[in-house]
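The data block below is coords.cif; it holds mmCIF, C-alpha atoms.
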```
data_entry
loop_
_atom_site.label_atom_id
_atom_site.label_comp_id
_atom_site.auth_asym_id
_atom_site.auth_seq_id
_atom_site.Cartn_x
_atom_site.Cartn_y
_atom_site.Cartn_z
CA MET A 1 30.02 -16.44 13.43
CA MET A 2 26.60 -17.68 12.33
CA GLU A 3 26.14 -19.32 15.71
CA VAL A 4 26.90 -16.08 17.55
CA VAL A 5 24.34 -14.20 15.46
CA LEU A 6 21.76 -16.91 16.12
CA ARG A 7 22.43 -16.88 19.86
CA ASP A 8 22.04 -13.10 19.99
CA PHE A 9 18.85 -13.35 17.94
CA CYS A 10 17.44 -15.99 20.32
CA LYS A 11 18.32 -13.80 23.29
CA TRP A 12 16.60 -10.81 21.71
CA LEU A 13 13.55 -12.86 20.69
CA ALA A 14 13.20 -14.39 24.16
CA ALA A 15 13.17 -10.89 25.67
CA THR A 16 10.30 -9.60 23.53
CA PRO A 17 6.92 -9.03 25.26
CA LEU A 18 5.22 -11.66 23.07
CA SER A 19 7.80 -14.28 24.02
CA ASN A 20 7.42 -13.36 27.67
CA THR A 21 3.67 -13.79 27.51
CA ILE A 22 4.02 -17.20 25.87
CA GLN A 23 6.66 -18.28 28.41
CA THR A 24 4.78 -17.16 31.50
CA THR A 25 1.21 -18.17 30.62
CA GLY A 26 1.17 -21.90 31.33
CA TRP A 27 -1.59 -22.97 28.96
CA ILE A 28 -0.35 -21.23 25.81
CA ILE A 29 2.41 -23.65 24.74
CA PRO A 30 0.37 -26.87 25.20
CA THR A 31 -2.57 -25.19 23.42
CA LEU A 32 -0.36 -24.13 20.50
CA GLN A 33 1.12 -27.62 20.35
CA THR A 34 -2.35 -29.18 20.36
CA ILE A 35 -3.48 -26.98 17.44
CA HIS A 36 -0.17 -27.74 15.69
CA ILE A 37 -0.64 -31.51 16.07
CA LEU A 38 -4.26 -31.34 14.91
CA GLY A 39 -3.04 -29.47 11.82
CA VAL A 40 -0.36 -32.10 11.28
CA ALA A 41 -3.06 -34.78 11.57
CA VAL A 42 -5.10 -33.22 8.76
CA LEU A 43 -2.09 -32.54 6.52
CA PHE A 44 -0.42 -35.91 7.06
CA SER A 45 -3.62 -37.94 6.60
CA SER A 46 -4.51 -36.03 3.43
CA ALA A 47 -1.06 -36.62 1.95
CA ILE A 48 -1.07 -40.31 2.92
CA LEU A 49 -4.56 -40.90 1.49
CA VAL A 50 -3.47 -39.55 -1.91
CA ASP A 51 -0.13 -41.41 -1.75
CA LEU A 52 -1.86 -44.70 -0.95
CA ARG A 53 -4.19 -44.17 -3.93
CA PHE A 54 -1.09 -44.11 -6.18
CA TRP A 55 -0.54 -47.67 -4.94
CA TRP A 56 -4.21 -48.60 -5.49
CA LEU A 57 -4.47 -49.40 -1.79
CA LEU A 58 -7.51 -47.33 -0.82
CA GLN A 59 -10.45 -45.65 -2.58
CA ARG A 60 -10.05 -47.82 -5.67
CA ASP A 61 -13.53 -46.74 -6.79
CA VAL A 62 -12.40 -43.11 -7.07
CA PRO A 63 -10.09 -41.94 -9.89
CA LEU A 64 -6.70 -40.66 -8.66
CA PRO A 65 -7.26 -37.05 -9.86
CA ASP A 66 -10.53 -36.96 -7.87
CA VAL A 67 -8.79 -38.20 -4.72
CA ALA A 68 -6.12 -35.54 -5.26
CA ARG A 69 -8.77 -32.84 -5.78
CA ARG A 70 -10.48 -33.84 -2.53
CA PHE A 71 -7.48 -34.08 -0.26
CA PHE A 72 -4.64 -31.84 -1.54
CA PRO A 73 -6.52 -28.56 -0.84
CA ALA A 74 -6.73 -29.53 2.85
CA ILE A 75 -2.91 -29.50 2.93
CA TRP A 76 -2.71 -25.90 1.72
CA LEU A 77 -5.52 -24.92 4.07
CA VAL A 78 -3.78 -26.12 7.25
CA LEU A 79 -0.20 -25.28 6.24
CA PRO A 80 -0.59 -21.57 7.20
CA ILE A 81 -2.04 -22.63 10.57
CA LEU A 82 0.98 -24.87 11.09
CA LEU A 83 3.38 -22.08 10.15
CA ILE A 84 1.67 -19.62 12.53
CA THR A 85 1.49 -22.00 15.53
CA GLY A 86 5.03 -23.20 14.76
CA SER A 87 6.33 -19.62 14.65
CA LEU A 88 4.62 -18.76 17.94
CA LEU A 89 6.20 -21.83 19.53
CA ILE A 90 9.61 -20.67 18.28
CA ILE A 91 9.00 -17.15 19.65
CA GLY A 92 8.08 -18.68 23.01
CA GLU A 93 11.17 -20.91 23.17
CA PRO A 94 13.67 -19.66 20.55
CA ARG A 95 16.61 -21.74 21.75
CA ARG A 96 14.58 -24.95 21.66
CA SER A 97 14.50 -24.92 17.87
CA LEU A 98 16.70 -22.19 16.43
CA LEU A 99 19.81 -23.63 18.10
CA ASN A 100 18.79 -27.18 17.25
CA SER A 101 19.98 -28.94 14.11
CA THR A 102 16.94 -31.28 14.17
CA PHE A 103 14.75 -28.22 13.59
CA TYR A 104 16.71 -27.27 10.44
CA LEU A 105 16.49 -30.85 9.20
CA LYS A 106 12.72 -30.69 9.71
CA MET A 107 12.48 -27.41 7.76
CA ALA A 108 14.58 -28.78 4.89
CA LEU A 109 12.41 -31.90 4.71
CA LEU A 110 9.30 -29.72 4.87
CA ALA A 111 10.46 -27.58 1.94
CA PHE A 112 11.11 -30.76 -0.06
CA ALA A 113 7.75 -32.34 0.85
CA VAL A 114 5.85 -29.15 0.01
CA LEU A 115 7.54 -28.95 -3.42
CA LEU A 116 6.85 -32.63 -4.07
CA THR A 117 3.19 -32.29 -3.03
CA GLY A 118 2.79 -29.17 -5.16
CA GLY A 119 4.36 -31.00 -8.10
CA LEU A 120 2.07 -34.01 -7.72
CA GLN A 121 -0.99 -31.78 -7.46
CA TRP A 122 0.06 -29.73 -10.48
CA SER A 123 0.72 -32.83 -12.59
CA LEU A 124 -2.70 -34.32 -11.76
CA SER A 125 -4.65 -31.12 -12.30
CA SER A 126 -2.97 -30.25 -15.61
CA ALA A 127 -3.11 -33.81 -17.01
CA PRO A 128 -5.44 -36.20 -15.14
CA LYS A 129 -3.87 -39.20 -16.92
CA PHE A 130 -0.33 -37.98 -16.23
CA TRP A 131 0.61 -40.92 -13.96
CA ASP A 132 -1.45 -43.45 -15.90
CA LYS A 133 -0.06 -43.24 -19.46
CA ASP A 134 2.08 -46.37 -19.38
CA ARG A 135 3.80 -48.78 -17.02
CA GLY A 136 6.78 -46.48 -16.58
CA ARG A 137 4.63 -43.53 -15.57
CA ARG A 138 2.69 -45.67 -13.10
CA MET A 139 5.89 -46.87 -11.48
CA ALA A 140 7.25 -43.33 -11.38
CA GLY A 141 4.04 -42.21 -9.66
CA GLN A 142 4.31 -44.96 -7.09
CA PHE A 143 7.92 -44.03 -6.49
CA ALA A 144 6.98 -40.37 -5.98
CA ALA A 145 4.17 -41.40 -3.60
CA THR A 146 6.58 -43.54 -1.59
CA VAL A 147 9.07 -40.68 -1.36
CA SER A 148 6.21 -38.44 -0.21
CA ILE A 149 5.18 -40.89 2.54
CA LEU A 150 8.79 -41.18 3.73
CA ALA A 151 9.28 -37.40 3.67
CA TRP A 152 6.16 -36.65 5.72
CA CYS A 153 6.97 -39.43 8.21
CA SER A 154 10.49 -38.04 8.61
CA ILE A 155 9.05 -34.58 9.27
CA LEU A 156 6.84 -35.96 12.05
CA PHE A 157 9.77 -37.86 13.57
CA ALA A 158 12.01 -34.80 13.38
CA GLY A 159 9.26 -32.71 14.99
CA ARG A 160 9.07 -35.05 17.97
CA TRP A 161 12.86 -35.27 18.15
CA ILE A 162 13.27 -31.50 18.52
CA ALA A 163 12.12 -31.95 22.14
CA TYR A 164 14.95 -34.42 22.77
CA THR A 165 17.83 -32.68 21.01
CA GLN A 166 17.38 -29.12 22.28
CA ALA A 167 20.42 -27.23 23.53
CA GLY A 168 20.76 -27.28 27.31
CA MET B 1 -6.67 -62.30 43.88
CA LEU B 2 -4.53 -60.89 41.16
CA GLN B 3 -5.11 -57.20 41.44
CA LEU B 4 -4.31 -54.18 39.36
CA LYS B 5 -1.58 -53.46 41.88
CA ASP B 6 0.18 -56.73 41.09
CA LEU B 7 -0.10 -56.03 37.40
CA ILE B 8 1.40 -52.59 37.95
CA SER B 9 4.31 -53.89 39.97
CA TYR B 10 4.84 -56.61 37.37
CA PHE B 11 5.25 -54.00 34.66
CA GLU B 12 7.43 -51.81 36.85
CA THR B 13 9.88 -54.55 37.74
CA ASN B 14 9.82 -55.83 34.18
CA GLY B 15 12.98 -55.22 32.21
CA LEU B 16 11.00 -53.96 29.22
CA ALA B 17 9.57 -51.05 31.22
CA ASP B 18 13.04 -50.05 32.45
CA ASN B 19 14.42 -50.26 28.95
CA ILE B 20 11.76 -47.99 27.47
CA ARG B 21 12.01 -45.49 30.33
CA GLU B 22 15.78 -45.26 30.52
CA ASN B 23 16.76 -45.65 26.91
CA ASP B 24 17.56 -42.36 25.19
CA VAL B 25 16.35 -43.52 21.80
CA LEU B 26 13.62 -46.06 22.56
CA PHE B 27 11.22 -43.70 24.36
CA PRO B 28 11.29 -40.91 21.73
CA LEU B 29 11.11 -43.55 19.00
CA ILE B 30 7.97 -45.16 20.41
CA GLU B 31 6.57 -41.71 21.12
CA SER B 32 7.14 -40.66 17.50
CA VAL B 33 5.37 -43.78 16.23
CA HIS B 34 2.54 -42.98 18.65
CA VAL B 35 2.23 -39.37 17.40
CA LEU B 36 2.41 -40.49 13.77
CA SER B 37 -0.32 -43.11 14.18
CA ILE B 38 -2.55 -40.79 16.22
CA CYS B 39 -2.25 -38.17 13.48
CA LEU B 40 -3.47 -40.73 10.94
CA VAL B 41 -6.31 -41.87 13.21
CA VAL B 42 -7.52 -38.34 13.93
CA GLY B 43 -6.95 -36.90 10.46
CA SER B 44 -8.70 -39.76 8.67
CA ILE B 45 -11.63 -39.72 11.13
CA PHE B 46 -11.98 -35.96 10.52
CA ALA B 47 -12.36 -36.68 6.80
CA VAL B 48 -15.28 -39.03 7.56
CA ASP B 49 -16.78 -36.62 10.13
CA LEU B 50 -16.67 -33.75 7.65
CA ARG B 51 -18.60 -35.92 5.20
CA LEU B 52 -21.22 -36.65 7.88
CA LEU B 53 -21.45 -32.93 8.61
CA GLY B 54 -21.83 -32.15 4.91
CA PHE B 55 -18.64 -30.05 4.68
CA ALA B 56 -16.55 -32.31 2.44
CA SER B 57 -16.82 -35.17 -0.07
CA ILE B 58 -20.54 -34.35 -0.39
CA HIS B 59 -20.70 -35.82 -3.90
CA ARG B 60 -19.74 -39.24 -2.59
CA SER B 61 -21.96 -41.57 -0.61
CA VAL B 62 -21.20 -42.06 3.07
CA SER B 63 -20.31 -45.74 2.62
CA SER B 64 -17.97 -44.99 -0.28
CA VAL B 65 -16.14 -42.49 1.94
CA THR B 66 -15.99 -44.81 4.96
CA HIS B 67 -14.88 -47.84 2.92
CA GLY B 68 -12.15 -45.75 1.31
CA ILE B 69 -10.80 -44.22 4.49
CA LEU B 70 -11.59 -46.29 7.60
CA PRO B 71 -9.21 -49.19 6.78
CA LEU B 72 -6.37 -46.67 7.21
CA THR B 73 -7.96 -45.44 10.45
CA TRP B 74 -8.11 -48.95 11.92
CA CYS B 75 -4.55 -49.87 10.92
CA ALA B 76 -3.28 -46.65 12.49
CA PHE B 77 -5.45 -47.21 15.58
CA VAL B 78 -3.86 -50.62 16.18
CA VAL B 79 -0.38 -49.05 15.96
CA ALA B 80 -1.45 -46.17 18.24
CA VAL B 81 -2.78 -48.57 20.89
CA GLY B 82 0.33 -50.75 20.64
CA SER B 83 2.79 -47.88 20.92
CA GLY B 84 0.64 -46.20 23.59
CA SER B 85 0.64 -49.40 25.65
CA LEU B 86 4.44 -49.56 25.50
CA LEU B 87 4.68 -45.96 26.73
CA PHE B 88 2.12 -46.78 29.44
CA ILE B 89 3.89 -49.82 30.86
CA SER B 90 7.16 -47.88 31.03
CA ASN B 91 5.68 -45.80 33.86
CA VAL B 92 2.35 -47.26 34.94
CA THR B 93 2.07 -45.55 38.34
CA LYS B 94 2.76 -42.08 36.97
CA TYR B 95 0.31 -42.44 34.11
CA LEU B 96 -2.45 -43.81 36.34
CA GLY B 97 -1.93 -40.87 38.69
CA ASN B 98 -2.27 -38.38 35.85
CA GLY B 99 -5.76 -36.93 35.42
CA TYR B 100 -5.18 -36.11 31.75
CA PHE B 101 -4.24 -39.70 31.02
CA ILE B 102 -7.43 -40.99 32.67
CA ALA B 103 -9.47 -38.37 30.82
CA LYS B 104 -7.83 -39.36 27.52
CA ILE B 105 -8.76 -43.03 27.97
CA PHE B 106 -12.37 -42.12 28.82
CA LEU B 107 -12.58 -39.76 25.82
CA ILE B 108 -11.33 -42.50 23.47
CA CYS B 109 -14.01 -44.83 24.88
CA ALA B 110 -16.60 -42.08 24.40
CA ALA B 111 -15.49 -41.65 20.76
CA GLY B 112 -15.83 -45.41 20.28
CA LEU B 113 -19.28 -45.37 21.88
CA ASN B 114 -20.34 -42.47 19.66
CA MET B 115 -19.24 -44.47 16.60
CA ALA B 116 -21.02 -47.62 17.83
CA ILE B 117 -24.25 -45.72 18.46
CA PHE B 118 -24.08 -44.17 15.00
CA HIS B 119 -23.52 -47.57 13.37
CA GLY B 120 -26.21 -49.23 15.46
CA ILE B 121 -28.94 -46.61 15.46
CA GLY B 122 -28.05 -43.53 13.40
CA ALA B 123 -27.02 -45.46 10.29
CA LYS B 124 -30.00 -47.83 10.28
CA ASN B 125 -31.51 -46.48 7.06
CA LEU B 126 -28.15 -45.49 5.61
CA PRO B 127 -28.89 -46.58 2.00
CA GLN B 128 -31.92 -44.28 1.92
CA TRP B 129 -30.04 -41.05 2.59
CA GLU B 130 -26.32 -41.70 2.28
CA ASN B 131 -26.06 -40.05 -1.13
CA GLU B 132 -27.51 -36.76 0.02
CA ALA B 133 -25.24 -33.82 0.74
CA ARG B 134 -27.17 -32.86 3.86
CA LEU B 135 -27.60 -35.88 6.11
CA PRO B 136 -30.20 -36.46 8.86
CA LEU B 137 -29.54 -34.83 12.21
CA PRO B 138 -28.27 -37.99 14.01
CA ALA B 139 -25.56 -38.43 11.38
CA ARG B 140 -24.51 -34.78 11.61
CA LEU B 141 -24.51 -34.99 15.40
CA ALA B 142 -22.32 -38.10 15.33
CA GLY B 143 -19.84 -36.34 13.02
CA GLY B 144 -19.70 -33.17 15.10
CA LEU B 145 -19.38 -35.04 18.38
CA SER B 146 -16.62 -37.21 16.94
CA ILE B 147 -14.55 -34.15 15.94
CA LEU B 148 -14.95 -32.60 19.40
CA LEU B 149 -14.01 -35.84 21.17
CA TRP B 150 -10.88 -36.43 19.10
CA VAL B 151 -9.74 -32.82 19.52
CA ALA B 152 -10.10 -33.37 23.28
CA VAL B 153 -8.15 -36.66 23.03
CA VAL B 154 -5.23 -34.90 21.32
CA ALA B 155 -5.33 -32.02 23.83
CA CYS B 156 -5.24 -34.43 26.78
CA GLY B 157 -2.40 -36.34 25.15
CA ARG B 158 -0.35 -33.18 24.82
CA TRP B 159 -1.17 -32.12 28.40
CA ILE B 160 0.09 -35.46 29.74
CA GLY B 161 3.55 -34.42 28.57
CA PHE B 162 3.36 -31.18 30.52
CA THR B 163 2.01 -32.63 33.77
CA MET B 164 4.28 -35.68 33.93
CA PRO B 165 7.93 -34.83 34.47
CA ALA B 166 10.26 -37.14 32.56
CA GLY B 167 12.09 -39.94 34.35
#
```

Entire entry expressed as structure tokens:
Amino acid sequence: MMEVVLRDFCKWLAATPLSNTIQTTGWIIPTLQTIHILGVAVLFSSAILVDLRFWWLLQRDVPLPDVARRFFPAIWLVLPILLITGSLLIIGEPRRSLLNSTFYLKMALLAFAVLLTGGLQWSLSSAPKFWDKDRGRRMAGQFAATVSILAWCSILFAGRWIAYTQAG
Amino acid sequence: MLQLKDLISYFETNGLADNIRENDVLFPLIESVHVLSICLVVGSIFAVDLRLLGFASIHRSVSSVTHGILPLTWCAFVVAVGSGSLLFISNVTKYLGNGYFIAKIFLICAAGLNMAIFHGIGAKNLPQWENEARLPLPARLAGGLSILLWVAVVACGRWIGFTMPAG
């Protein structure tokens, strides 16, 4: 049932003028993908730099809340760009992602990573010493940072895998 | 004389190249590692470039920013070159015949040259001005040029995929 609805939706979407333009103008999809990857580069690096600071691996001379204040805003700045370029890519090739379970895995992971990042940012801005109160808190922070690294890496992997698991 | 041609045919008859090219999991896996490491290289370099341009981290000195970020850049760069080399040897002839691949290699060299020139000449009196928000023109130029070059590297990388049919 759901699958039939999705197939019809893809068919309708692929027939829209916008989708036709994206499909038939050769440079649009690679350009959108390039912007998308550049956005991913900024988001991913920002997240990783904060996560690594939880482990005291980089920027030891800067307090964790300062690192978070410098790099987390970049994530929220590029996320809308990623959503727009991602949506345009879906409109151009609806079946490639909407009929692809890897795409839904990526979206689920993205929702989780966004919530986790928002939570980390909120905790550090409301209580700068939040992850530094005692040994337990420090370990919890390192655990959260590790989960964040794994989540963002999985999202990147899933993104690349969409190209290999698309419906024929 | 051992020529490039011999090297190419060595890689093409090598079992490793066949494995990467034909394997349904290995190629996307290496490709994913390549994309992931390139994202870290480019994203972390942007953070340094934005400092040079005076758009971000302006309350920190240039060397504090570079010492805090560039170790990640270099680690990721090593992984990107390693994974990129594996992708390259899986199909040497096709990559060498692809203009975007050649352009990408030259652009990476240009980005390296830009960095070397900045370290060698532009950053000579670094301690004198590195704490200022607005840096001297050579430093800002190096930062701006670096962003443009890496954007071009990513664009070429993506275009390789569209101009080189799989298999």

Record the distance separating atom CA of Val48 of chain B and atom CA of Gly143 of chain B, expressed in Å with one decimal. 7.6 Å

Report the residues retrieved by the PyMOL selection byres ((chain B) within 9 of (chain A)) from the displayed file, expressed as a VMD selection string. chain B and resid 24 28 to 29 31 to 33 35 to 36 38 to 44 46 to 47 56 to 57 64 to 65 67 to 69 71 to 72 151 154 to 159 161 to 162

Can you list, as JSON, numbers by chain, every protein, DNA or RNA residue that comes within 7 Å of segment 121-134 of chain A when you count only C-alpha atoms, leaving out same-chain residues fewer than 4 positions away? {"A": [65, 68, 72, 117, 138, 141]}

Neighbour list for segment 110-127 of chain B as a PyMOL selection string, cut-off 10 Å, only C-alpha atoms, skip fewer than 2 positions in-chain: chain B and resi 61-63+104-108+129-131+135-143+145-150+153

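Atom CA of Val25 of chain B lies 25.0 Å from atom CA of Gly97 of chain B.
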
Between atom CA of Leu82 of chain A and atom CA of Leu109 of chain A, what is the distance, to one decimal in Å?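 If I compute the distance from atom CA of Leu82 of chain A to atom CA of Leu109 of chain A, I get 14.9 Å.
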
Take the PyMOL selection byres ((chain B and resi 8) around 12), apply it to the structure above, and return the hits as a ChimeraX atom specification. /B:2-7,9-14,17,88-96

I'd like to know which of B:Gly99, B:Arg134, B:Thr66, B:Ala80 is closest to Met164 of chain B, using only C-alpha atoms. B:Gly99

Resolved residues for the PyMOL selection byres ((chain A and resi 7) around 12) as a PDB file with C-alpha atoms, keeping the file's coordinate frame:
```pdb
ATOM      1  CA  MET A   1      30.020 -16.440  13.430  1.00  0.00           C
ATOM      2  CA  MET A   2      26.600 -17.680  12.330  1.00  0.00           C
ATOM      3  CA  GLU A   3      26.140 -19.320  15.710  1.00  0.00           C
ATOM      4  CA  VAL A   4      26.900 -16.080  17.550  1.00  0.00           C
ATOM      5  CA  VAL A   5      24.340 -14.200  15.460  1.00  0.00           C
ATOM      6  CA  LEU A   6      21.760 -16.910  16.120  1.00  0.00           C
ATOM      7  CA  ASP A   8      22.040 -13.100  19.990  1.00  0.00           C
ATOM      8  CA  PHE A   9      18.850 -13.350  17.940  1.00  0.00           C
ATOM      9  CA  CYS A  10      17.440 -15.990  20.320  1.00  0.00           C
ATOM     10  CA  LYS A  11      18.320 -13.800  23.290  1.00  0.00           C
ATOM     11  CA  TRP A  12      16.600 -10.810  21.710  1.00  0.00           C
ATOM     12  CA  LEU A  13      13.550 -12.860  20.690  1.00  0.00           C
ATOM     13  CA  ALA A  14      13.200 -14.390  24.160  1.00  0.00           C
ATOM     14  CA  PRO A  94      13.670 -19.660  20.550  1.00  0.00           C
ATOM     15  CA  ARG A  95      16.610 -21.740  21.750  1.00  0.00           C
ATOM     16  CA  ARG A  96      14.580 -24.950  21.660  1.00  0.00           C
ATOM     17  CA  SER A  97      14.500 -24.920  17.870  1.00  0.00           C
ATOM     18  CA  LEU A  98      16.700 -22.190  16.430  1.00  0.00           C
ATOM     19  CA  LEU A  99      19.810 -23.630  18.100  1.00  0.00           C
ATOM     20  CA  ASN A 100      18.790 -27.180  17.250  1.00  0.00           C
ATOM     21  CA  ALA A 167      20.420 -27.230  23.530  1.00  0.00           C
TER      22      ALA A 167
END
```
